[in-house]
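entry_5.txt (compact mmCIF, N, CA and C atoms) appears below.
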```txt
# COMPACT_ATOMS: atom_id res chain seq x y z
N MET A 1 4.58 -26.18 9.17
CA MET A 1 3.89 -25.36 10.13
C MET A 1 4.68 -24.06 10.30
N THR A 2 3.98 -22.96 10.23
CA THR A 2 4.64 -21.67 10.38
C THR A 2 4.89 -21.40 11.85
N LYS A 3 5.71 -20.43 12.09
CA LYS A 3 6.03 -20.03 13.46
C LYS A 3 4.77 -19.58 14.20
N TRP A 4 3.91 -18.82 13.53
CA TRP A 4 2.68 -18.30 14.16
C TRP A 4 1.68 -19.42 14.45
N GLN A 5 1.59 -20.39 13.59
CA GLN A 5 0.71 -21.53 13.86
C GLN A 5 1.20 -22.29 15.09
N PHE A 6 2.51 -22.48 15.18
CA PHE A 6 3.08 -23.16 16.33
C PHE A 6 2.77 -22.41 17.63
N VAL A 7 2.96 -21.09 17.60
CA VAL A 7 2.69 -20.27 18.79
C VAL A 7 1.21 -20.35 19.16
N ALA A 8 0.31 -20.28 18.18
CA ALA A 8 -1.13 -20.36 18.45
C ALA A 8 -1.50 -21.71 19.07
N ILE A 9 -0.97 -22.79 18.52
CA ILE A 9 -1.26 -24.13 19.06
C ILE A 9 -0.69 -24.27 20.47
N ALA A 10 0.51 -23.76 20.69
CA ALA A 10 1.12 -23.83 22.02
C ALA A 10 0.30 -23.06 23.04
N CYS A 11 -0.19 -21.88 22.66
CA CYS A 11 -1.03 -21.09 23.57
C CYS A 11 -2.31 -21.82 23.91
N LEU A 12 -2.96 -22.39 22.91
CA LEU A 12 -4.18 -23.15 23.16
C LEU A 12 -3.91 -24.34 24.07
N PHE A 13 -2.83 -25.04 23.83
CA PHE A 13 -2.48 -26.21 24.63
C PHE A 13 -2.25 -25.82 26.09
N PHE A 14 -1.44 -24.80 26.31
CA PHE A 14 -1.12 -24.42 27.69
C PHE A 14 -2.31 -23.81 28.41
N SER A 15 -3.17 -23.09 27.71
CA SER A 15 -4.34 -22.54 28.39
C SER A 15 -5.35 -23.64 28.71
N ALA A 16 -5.43 -24.67 27.89
CA ALA A 16 -6.34 -25.79 28.17
C ALA A 16 -5.83 -26.65 29.30
N CYS A 17 -4.53 -26.75 29.45
CA CYS A 17 -3.95 -27.60 30.49
C CYS A 17 -3.77 -26.87 31.81
N GLY A 18 -3.89 -25.56 31.82
CA GLY A 18 -3.70 -24.80 33.05
C GLY A 18 -4.88 -24.99 33.99
N THR A 19 -4.73 -24.48 35.21
CA THR A 19 -5.83 -24.57 36.16
C THR A 19 -6.93 -23.61 35.77
N LYS A 20 -8.14 -23.98 36.08
CA LYS A 20 -9.29 -23.15 35.78
C LYS A 20 -9.33 -21.97 36.73
N ARG A 21 -9.77 -20.85 36.23
CA ARG A 21 -9.95 -19.69 37.09
C ARG A 21 -11.08 -19.98 38.05
N GLY A 22 -10.89 -19.57 39.29
CA GLY A 22 -11.93 -19.75 40.29
C GLY A 22 -12.01 -21.17 40.81
N ALA A 23 -11.08 -22.04 40.43
CA ALA A 23 -11.11 -23.41 40.94
C ALA A 23 -10.94 -23.35 42.46
N GLN A 24 -11.72 -24.16 43.15
CA GLN A 24 -11.66 -24.16 44.59
C GLN A 24 -10.84 -25.33 45.08
N HIS A 25 -10.10 -25.09 46.14
CA HIS A 25 -9.32 -26.15 46.75
C HIS A 25 -10.25 -27.06 47.53
N ALA A 26 -9.90 -28.32 47.63
CA ALA A 26 -10.68 -29.26 48.42
C ALA A 26 -10.59 -28.85 49.89
N PRO A 27 -11.68 -29.00 50.63
CA PRO A 27 -11.63 -28.65 52.05
C PRO A 27 -10.72 -29.61 52.81
N PRO A 28 -10.08 -29.11 53.85
CA PRO A 28 -9.25 -29.99 54.66
C PRO A 28 -10.11 -31.01 55.41
N SER A 29 -9.49 -32.08 55.83
CA SER A 29 -10.21 -33.09 56.60
C SER A 29 -9.42 -33.36 57.87
N PRO A 30 -10.03 -33.29 59.04
CA PRO A 30 -11.42 -32.95 59.28
C PRO A 30 -11.69 -31.47 59.00
N LEU A 31 -12.92 -31.18 58.69
CA LEU A 31 -13.35 -29.84 58.30
C LEU A 31 -13.28 -28.88 59.49
N PRO A 32 -12.47 -27.81 59.40
CA PRO A 32 -12.39 -26.85 60.50
C PRO A 32 -13.55 -25.85 60.51
N ILE A 33 -13.91 -25.40 61.69
CA ILE A 33 -14.95 -24.38 61.84
C ILE A 33 -14.57 -23.12 61.06
N ALA A 34 -13.32 -22.72 61.15
CA ALA A 34 -12.87 -21.51 60.45
C ALA A 34 -13.08 -21.63 58.95
N TRP A 35 -12.87 -22.81 58.39
CA TRP A 35 -13.07 -23.04 56.95
C TRP A 35 -14.54 -22.74 56.59
N ILE A 36 -15.46 -23.25 57.41
CA ILE A 36 -16.89 -23.03 57.18
C ILE A 36 -17.22 -21.54 57.30
N CYS A 37 -16.74 -20.92 58.36
CA CYS A 37 -17.05 -19.50 58.60
C CYS A 37 -16.49 -18.59 57.51
N ASN A 38 -15.38 -18.98 56.92
CA ASN A 38 -14.77 -18.17 55.86
C ASN A 38 -15.40 -18.41 54.49
N ARG A 39 -16.23 -19.45 54.39
CA ARG A 39 -16.88 -19.79 53.11
C ARG A 39 -18.38 -20.04 53.34
N ILE A 40 -18.98 -19.17 54.09
CA ILE A 40 -20.35 -19.41 54.56
C ILE A 40 -21.35 -19.57 53.42
N ASP A 41 -21.18 -18.85 52.33
CA ASP A 41 -22.12 -18.98 51.20
C ASP A 41 -22.11 -20.40 50.63
N GLN A 42 -20.99 -21.06 50.74
CA GLN A 42 -20.86 -22.43 50.24
C GLN A 42 -21.49 -23.45 51.18
N TYR A 43 -21.58 -23.13 52.48
CA TYR A 43 -22.01 -24.12 53.46
C TYR A 43 -23.39 -23.87 54.09
N VAL A 44 -23.92 -22.67 53.97
CA VAL A 44 -25.19 -22.37 54.64
C VAL A 44 -26.28 -23.35 54.18
N ASP A 45 -27.02 -23.86 55.14
CA ASP A 45 -28.11 -24.83 54.94
C ASP A 45 -27.61 -26.18 54.42
N GLN A 46 -26.32 -26.44 54.53
CA GLN A 46 -25.75 -27.73 54.13
C GLN A 46 -25.38 -28.52 55.39
N ALA A 47 -25.46 -29.84 55.29
CA ALA A 47 -25.00 -30.70 56.38
C ALA A 47 -23.50 -30.88 56.26
N VAL A 48 -22.81 -30.81 57.40
CA VAL A 48 -21.37 -31.00 57.45
C VAL A 48 -21.05 -32.04 58.52
N GLU A 49 -19.91 -32.68 58.37
CA GLU A 49 -19.42 -33.63 59.37
C GLU A 49 -18.13 -33.10 59.94
N LEU A 50 -18.10 -33.02 61.27
CA LEU A 50 -16.97 -32.43 61.98
C LEU A 50 -16.52 -33.36 63.10
N GLU A 51 -15.27 -33.22 63.50
CA GLU A 51 -14.77 -33.87 64.70
C GLU A 51 -14.18 -32.80 65.58
N GLY A 52 -14.40 -32.95 66.88
CA GLY A 52 -13.88 -31.95 67.80
C GLY A 52 -14.17 -32.31 69.22
N ILE A 53 -14.22 -31.31 70.07
CA ILE A 53 -14.33 -31.47 71.51
C ILE A 53 -15.67 -30.91 72.01
N PHE A 54 -16.35 -31.69 72.83
CA PHE A 54 -17.59 -31.27 73.50
C PHE A 54 -17.19 -30.43 74.71
N LEU A 55 -17.61 -29.15 74.72
CA LEU A 55 -17.29 -28.27 75.84
C LEU A 55 -18.50 -27.92 76.69
N GLY A 56 -19.65 -28.52 76.38
CA GLY A 56 -20.84 -28.22 77.17
C GLY A 56 -21.13 -26.73 77.17
N TRP A 57 -21.32 -26.19 78.36
CA TRP A 57 -21.60 -24.76 78.47
C TRP A 57 -20.35 -23.95 78.79
N ARG A 58 -19.18 -24.52 78.59
CA ARG A 58 -17.91 -23.88 78.95
C ARG A 58 -17.27 -23.18 77.75
N GLY A 59 -17.83 -22.11 77.30
CA GLY A 59 -17.30 -21.39 76.15
C GLY A 59 -16.47 -20.17 76.49
N ALA A 60 -16.23 -19.93 77.77
CA ALA A 60 -15.55 -18.70 78.18
C ALA A 60 -14.15 -18.57 77.61
N ASP A 61 -13.43 -19.68 77.50
CA ASP A 61 -12.04 -19.62 77.04
C ASP A 61 -11.90 -19.92 75.55
N CYS A 62 -13.00 -19.92 74.82
CA CYS A 62 -12.98 -20.27 73.40
C CYS A 62 -12.72 -19.06 72.53
N HIS A 63 -12.19 -19.36 71.35
CA HIS A 63 -12.10 -18.35 70.30
C HIS A 63 -13.25 -18.61 69.33
N PHE A 64 -14.18 -17.69 69.26
CA PHE A 64 -15.29 -17.78 68.32
C PHE A 64 -14.96 -16.89 67.13
N PRO A 65 -15.04 -17.41 65.91
CA PRO A 65 -14.81 -16.55 64.74
C PRO A 65 -15.74 -15.33 64.80
N ALA A 66 -15.33 -14.26 64.15
CA ALA A 66 -16.09 -13.00 64.19
C ALA A 66 -17.53 -13.18 63.73
N ASN A 67 -17.77 -14.11 62.80
CA ASN A 67 -19.14 -14.28 62.30
C ASN A 67 -19.84 -15.49 62.93
N ALA A 68 -19.37 -15.93 64.10
CA ALA A 68 -20.04 -17.01 64.84
C ALA A 68 -21.11 -16.41 65.74
N SER A 69 -22.21 -17.12 65.86
CA SER A 69 -23.35 -16.67 66.66
C SER A 69 -23.12 -16.89 68.15
N ASN A 70 -23.83 -16.12 68.94
CA ASN A 70 -23.98 -16.44 70.36
C ASN A 70 -24.95 -17.61 70.44
N ALA A 71 -25.17 -18.13 71.64
CA ALA A 71 -26.13 -19.21 71.82
C ALA A 71 -27.51 -18.77 71.34
N ILE A 72 -28.22 -19.70 70.69
CA ILE A 72 -29.57 -19.42 70.19
C ILE A 72 -30.59 -19.71 71.29
N THR A 73 -30.40 -20.85 71.98
CA THR A 73 -31.29 -21.23 73.09
C THR A 73 -30.45 -21.48 74.34
N ARG A 74 -31.10 -21.62 75.47
CA ARG A 74 -30.38 -21.86 76.73
C ARG A 74 -29.74 -23.25 76.78
N SER A 75 -30.18 -24.16 75.93
CA SER A 75 -29.62 -25.51 75.97
C SER A 75 -28.49 -25.71 74.95
N ASP A 76 -28.12 -24.69 74.21
CA ASP A 76 -27.03 -24.82 73.24
C ASP A 76 -25.72 -25.13 73.95
N TRP A 77 -24.86 -25.80 73.25
CA TRP A 77 -23.56 -26.17 73.82
C TRP A 77 -22.45 -25.79 72.87
N VAL A 78 -21.23 -25.77 73.40
CA VAL A 78 -20.07 -25.31 72.64
C VAL A 78 -19.31 -26.50 72.07
N PHE A 79 -18.98 -26.40 70.79
CA PHE A 79 -18.19 -27.39 70.07
C PHE A 79 -16.90 -26.72 69.65
N LYS A 80 -15.78 -27.39 69.90
CA LYS A 80 -14.48 -26.83 69.52
C LYS A 80 -13.78 -27.78 68.57
N ASN A 81 -13.26 -27.21 67.49
CA ASN A 81 -12.35 -28.00 66.65
C ASN A 81 -11.25 -27.07 66.18
N GLY A 82 -10.03 -27.56 66.25
CA GLY A 82 -8.89 -26.69 66.00
C GLY A 82 -8.83 -25.65 67.09
N GLU A 83 -8.67 -24.42 66.71
CA GLU A 83 -8.60 -23.31 67.67
C GLU A 83 -9.94 -22.61 67.86
N ASP A 84 -10.93 -22.98 67.07
CA ASP A 84 -12.19 -22.24 67.04
C ASP A 84 -13.35 -23.00 67.68
N CYS A 85 -14.34 -22.23 68.12
CA CYS A 85 -15.54 -22.79 68.73
C CYS A 85 -16.78 -22.25 68.02
N VAL A 86 -17.86 -22.99 68.16
CA VAL A 86 -19.15 -22.59 67.61
C VAL A 86 -20.24 -23.20 68.48
N TYR A 87 -21.39 -22.54 68.54
CA TYR A 87 -22.52 -23.09 69.29
C TYR A 87 -23.30 -24.08 68.45
N VAL A 88 -23.78 -25.13 69.13
CA VAL A 88 -24.61 -26.16 68.51
C VAL A 88 -25.96 -26.13 69.21
N THR A 89 -27.03 -26.14 68.42
CA THR A 89 -28.38 -26.10 68.96
C THR A 89 -29.15 -27.34 68.51
N ALA A 90 -30.27 -27.62 69.16
CA ALA A 90 -31.24 -28.65 68.75
C ALA A 90 -30.80 -30.08 69.02
N GLY A 91 -29.91 -30.30 69.97
CA GLY A 91 -29.55 -31.66 70.35
C GLY A 91 -28.08 -31.81 70.62
N ARG A 92 -27.71 -33.01 71.06
CA ARG A 92 -26.31 -33.33 71.36
C ARG A 92 -26.13 -34.84 71.31
N PRO A 93 -24.90 -35.31 71.21
CA PRO A 93 -24.67 -36.76 71.19
C PRO A 93 -25.21 -37.42 72.46
N ALA A 94 -25.77 -38.60 72.30
CA ALA A 94 -26.32 -39.36 73.43
C ALA A 94 -25.25 -39.56 74.49
N GLY A 95 -25.64 -39.37 75.74
CA GLY A 95 -24.73 -39.59 76.85
C GLY A 95 -23.96 -38.37 77.29
N LEU A 96 -24.14 -37.24 76.63
CA LEU A 96 -23.43 -36.03 77.02
C LEU A 96 -24.39 -35.00 77.58
N ASP A 97 -23.97 -34.40 78.70
CA ASP A 97 -24.77 -33.40 79.39
C ASP A 97 -23.92 -32.14 79.54
N PRO A 98 -24.38 -31.01 79.00
CA PRO A 98 -23.56 -29.79 79.05
C PRO A 98 -23.31 -29.26 80.47
N THR A 99 -24.08 -29.73 81.45
CA THR A 99 -23.89 -29.26 82.82
C THR A 99 -22.92 -30.14 83.62
N ASP A 100 -22.56 -31.30 83.09
CA ASP A 100 -21.71 -32.26 83.80
C ASP A 100 -20.24 -32.00 83.47
N MET A 101 -19.50 -31.48 84.43
CA MET A 101 -18.10 -31.13 84.22
C MET A 101 -17.24 -32.36 83.89
N GLN A 102 -17.68 -33.54 84.28
CA GLN A 102 -16.93 -34.77 83.98
C GLN A 102 -16.95 -35.09 82.48
N GLN A 103 -17.94 -34.57 81.77
CA GLN A 103 -18.09 -34.89 80.36
C GLN A 103 -17.44 -33.86 79.43
N ILE A 104 -17.02 -32.76 80.01
CA ILE A 104 -16.34 -31.73 79.23
C ILE A 104 -15.03 -32.31 78.69
N GLY A 105 -14.76 -32.10 77.42
CA GLY A 105 -13.51 -32.55 76.83
C GLY A 105 -13.63 -33.85 76.05
N HIS A 106 -14.82 -34.47 76.05
CA HIS A 106 -14.99 -35.68 75.23
C HIS A 106 -14.83 -35.33 73.76
N ARG A 107 -14.15 -36.20 73.07
CA ARG A 107 -13.99 -36.05 71.62
C ARG A 107 -15.27 -36.58 70.96
N VAL A 108 -15.84 -35.80 70.03
CA VAL A 108 -17.09 -36.18 69.39
C VAL A 108 -17.02 -36.04 67.87
N GLN A 109 -17.82 -36.85 67.23
CA GLN A 109 -18.07 -36.72 65.79
C GLN A 109 -19.44 -36.11 65.68
N LEU A 110 -19.58 -35.09 64.86
CA LEU A 110 -20.81 -34.32 64.78
C LEU A 110 -21.25 -34.17 63.33
N ARG A 111 -22.52 -34.41 63.10
CA ARG A 111 -23.15 -34.10 61.82
C ARG A 111 -24.18 -33.02 62.13
N ALA A 112 -24.05 -31.88 61.43
CA ALA A 112 -24.91 -30.74 61.73
C ALA A 112 -25.16 -29.93 60.47
N ALA A 113 -26.25 -29.20 60.49
CA ALA A 113 -26.56 -28.26 59.40
C ALA A 113 -26.00 -26.90 59.77
N VAL A 114 -25.38 -26.26 58.82
CA VAL A 114 -24.84 -24.91 59.02
C VAL A 114 -25.99 -23.92 58.83
N ARG A 115 -26.19 -23.09 59.83
CA ARG A 115 -27.30 -22.12 59.80
C ARG A 115 -26.78 -20.70 60.04
N LEU A 116 -27.59 -19.74 59.65
CA LEU A 116 -27.29 -18.33 59.89
C LEU A 116 -28.43 -17.69 60.67
N THR A 117 -28.07 -16.82 61.60
CA THR A 117 -29.07 -16.02 62.30
C THR A 117 -29.52 -14.90 61.36
N LYS A 118 -30.49 -14.13 61.80
CA LYS A 118 -30.94 -12.97 61.02
C LYS A 118 -29.80 -11.97 60.82
N GLU A 119 -28.85 -11.98 61.76
CA GLU A 119 -27.70 -11.07 61.68
C GLU A 119 -26.55 -11.66 60.87
N LYS A 120 -26.80 -12.80 60.21
CA LYS A 120 -25.80 -13.48 59.38
C LYS A 120 -24.64 -14.06 60.20
N LYS A 121 -24.95 -14.52 61.41
CA LYS A 121 -23.97 -15.17 62.27
C LYS A 121 -24.15 -16.68 62.18
N VAL A 122 -23.05 -17.42 62.20
CA VAL A 122 -23.03 -18.87 61.99
C VAL A 122 -23.28 -19.64 63.29
N TYR A 123 -24.10 -20.68 63.18
CA TYR A 123 -24.24 -21.67 64.26
C TYR A 123 -24.53 -23.01 63.60
N LEU A 124 -24.47 -24.08 64.39
CA LEU A 124 -24.73 -25.42 63.88
C LEU A 124 -26.00 -25.98 64.48
N GLU A 125 -26.80 -26.62 63.65
CA GLU A 125 -28.02 -27.29 64.10
C GLU A 125 -27.75 -28.80 64.09
N PHE A 126 -27.81 -29.38 65.27
CA PHE A 126 -27.47 -30.80 65.47
C PHE A 126 -28.35 -31.71 64.61
N ILE A 127 -27.73 -32.67 63.95
CA ILE A 127 -28.43 -33.73 63.23
C ILE A 127 -28.15 -35.06 63.93
N SER A 128 -26.87 -35.37 64.12
CA SER A 128 -26.49 -36.59 64.83
C SER A 128 -25.06 -36.44 65.33
N GLY A 129 -24.70 -37.33 66.23
CA GLY A 129 -23.34 -37.27 66.75
C GLY A 129 -23.06 -38.46 67.63
N LYS A 130 -21.77 -38.68 67.89
CA LYS A 130 -21.40 -39.76 68.78
C LYS A 130 -20.09 -39.43 69.46
N ILE A 131 -19.90 -40.04 70.61
CA ILE A 131 -18.65 -39.88 71.35
C ILE A 131 -17.60 -40.79 70.69
N LEU A 132 -16.43 -40.24 70.48
CA LEU A 132 -15.32 -41.00 69.91
C LEU A 132 -14.42 -41.51 71.03
N LYS A 133 -13.88 -42.66 70.86
CA LYS A 133 -12.97 -43.24 71.86
C LYS A 133 -11.57 -42.76 71.65
```
Please render this file's structure as structure tokens.
Amino acid sequence: MTKWQFVAIACLFFSACGTKRGAQHAPPSPLPIAWICNRIDQYVDQAVELEGIFLGWRGADCHFPANASNAITRSDWVFKNGEDCVYVTAGRPAGLDPTDMQQIGHRVQLRAAVRLTKEKKVYLEFISGKILK
């Protein structure tokens, strides 16, 4: 084998074994709101499963990502996971009332569809959820 053949085979081997360009990292678990908001093209109209805190209508002290929507309807509620919050529309876990201050802070598991407003702002459409112990 000549020196050039060896170099060519080595180059082919290392390029085949290297990481692919554009390879995406696996999402963290549990899935953070910020992760979704930063990769909206990947998640729009997809169902996601999240864990976080039910804040009812108490969103005043929340950090909403720049591309998060305001409430869509008057019955929307605030979901917090990590440091970020997002509004959830079209339902809530059984047994939770956004007006009841005693229920604020319950840990919940949420399955929701990621949606965009006409202004390209992110919100979640409730599919199912439950209170976690």
Exercise. Using DSSP on the backbone coordinates, identify all residues within range 28-123 of chain A classified as alpha helix (DSSP H); present the result as JSON, numbers by chain.
Key: {"A": [33, 34, 35, 36, 37, 38, 40, 41, 42, 43]}
Grab the residues selected above and save them as a PDB file, in the coordinates of the input with N, CA and C atoms.
```pdb
ATOM      1  N   ILE A  33     -13.910 -25.400  61.690  1.00  0.00           N
ATOM      2  CA  ILE A  33     -14.950 -24.380  61.840  1.00  0.00           C
ATOM      3  C   ILE A  33     -14.570 -23.120  61.060  1.00  0.00           C
ATOM      4  N   ALA A  34     -13.320 -22.720  61.150  1.00  0.00           N
ATOM      5  CA  ALA A  34     -12.870 -21.510  60.450  1.00  0.00           C
ATOM      6  C   ALA A  34     -13.080 -21.630  58.950  1.00  0.00           C
ATOM      7  N   TRP A  35     -12.870 -22.810  58.390  1.00  0.00           N
ATOM      8  CA  TRP A  35     -13.070 -23.040  56.950  1.00  0.00           C
ATOM      9  C   TRP A  35     -14.540 -22.740  56.590  1.00  0.00           C
ATOM     10  N   ILE A  36     -15.460 -23.250  57.410  1.00  0.00           N
ATOM     11  CA  ILE A  36     -16.890 -23.030  57.180  1.00  0.00           C
ATOM     12  C   ILE A  36     -17.220 -21.540  57.300  1.00  0.00           C
ATOM     13  N   CYS A  37     -16.740 -20.920  58.360  1.00  0.00           N
ATOM     14  CA  CYS A  37     -17.050 -19.500  58.600  1.00  0.00           C
ATOM     15  C   CYS A  37     -16.490 -18.590  57.510  1.00  0.00           C
ATOM     16  N   ASN A  38     -15.380 -18.980  56.920  1.00  0.00           N
ATOM     17  CA  ASN A  38     -14.770 -18.170  55.860  1.00  0.00           C
ATOM     18  C   ASN A  38     -15.400 -18.410  54.490  1.00  0.00           C
ATOM     19  N   ILE A  40     -18.980 -19.170  54.090  1.00  0.00           N
ATOM     20  CA  ILE A  40     -20.350 -19.410  54.560  1.00  0.00           C
ATOM     21  C   ILE A  40     -21.350 -19.570  53.420  1.00  0.00           C
ATOM     22  N   ASP A  41     -21.180 -18.850  52.330  1.00  0.00           N
ATOM     23  CA  ASP A  41     -22.120 -18.980  51.200  1.00  0.00           C
ATOM     24  C   ASP A  41     -22.110 -20.400  50.630  1.00  0.00           C
ATOM     25  N   GLN A  42     -20.990 -21.060  50.740  1.00  0.00           N
ATOM     26  CA  GLN A  42     -20.860 -22.430  50.240  1.00  0.00           C
ATOM     27  C   GLN A  42     -21.490 -23.450  51.180  1.00  0.00           C
ATOM     28  N   TYR A  43     -21.580 -23.130  52.480  1.00  0.00           N
ATOM     29  CA  TYR A  43     -22.010 -24.120  53.460  1.00  0.00           C
ATOM     30  C   TYR A  43     -23.390 -23.870  54.090  1.00  0.00           C
TER      31      TYR A  43
END
```
Self-check item: Residue with smallest distance to Cys85 in chain A - pool A:Ser69, A:Ser128, A:Ser29, A:Gln102, counting all atoms listed in the file
Solution: A:Ser69
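Using all atoms listed in the file, the smallest distance between any of A:Ala66, A:Ala94, A:Ser75, A:Gly82 and Leu31 in chain A comes from A:Gly82.
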Quiz item: In Å, how far is it from atom C of Leu96 in chain A to atom N of Ala34 in chain A?
Solution: 23.3 Å
Self-check item: Gap from atom C of Phe64 in chain A to atom C of Lys120 in chain A - Å, one decimal
Solution: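 Distance reported for this atom pair: 12.2 Å.
With only N, CA and C atoms as the basis for measurement, A:Pro32 is the residue among A:Thr89, A:Pro32, A:Arg115, A:Asn70 that approaches Glu49 in chain A most closely.
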Quiz item: Using all atoms listed in the file, which of the listed residues (A:Lys130, A:Lys80, A:Arg74, A:His63) sits closest to Val108 in chain A?
Solution: A:Lys130
Self-check item: Backbone DSSP call of strand (DSSP E) for chain A, listed as a count of residues only
Solution: 39
Exercise. Point out the residue among A:Cys62, A:Ile36, A:Val78, A:Ala90 with the least atom-to-atom distance to Val122 in chain A, counting all atoms listed in the file.
Key: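 Of A:Cys62, A:Ile36, A:Val78, A:Ala90, the one nearest Val122 in chain A is A:Ile36, counting all atoms listed in the file.
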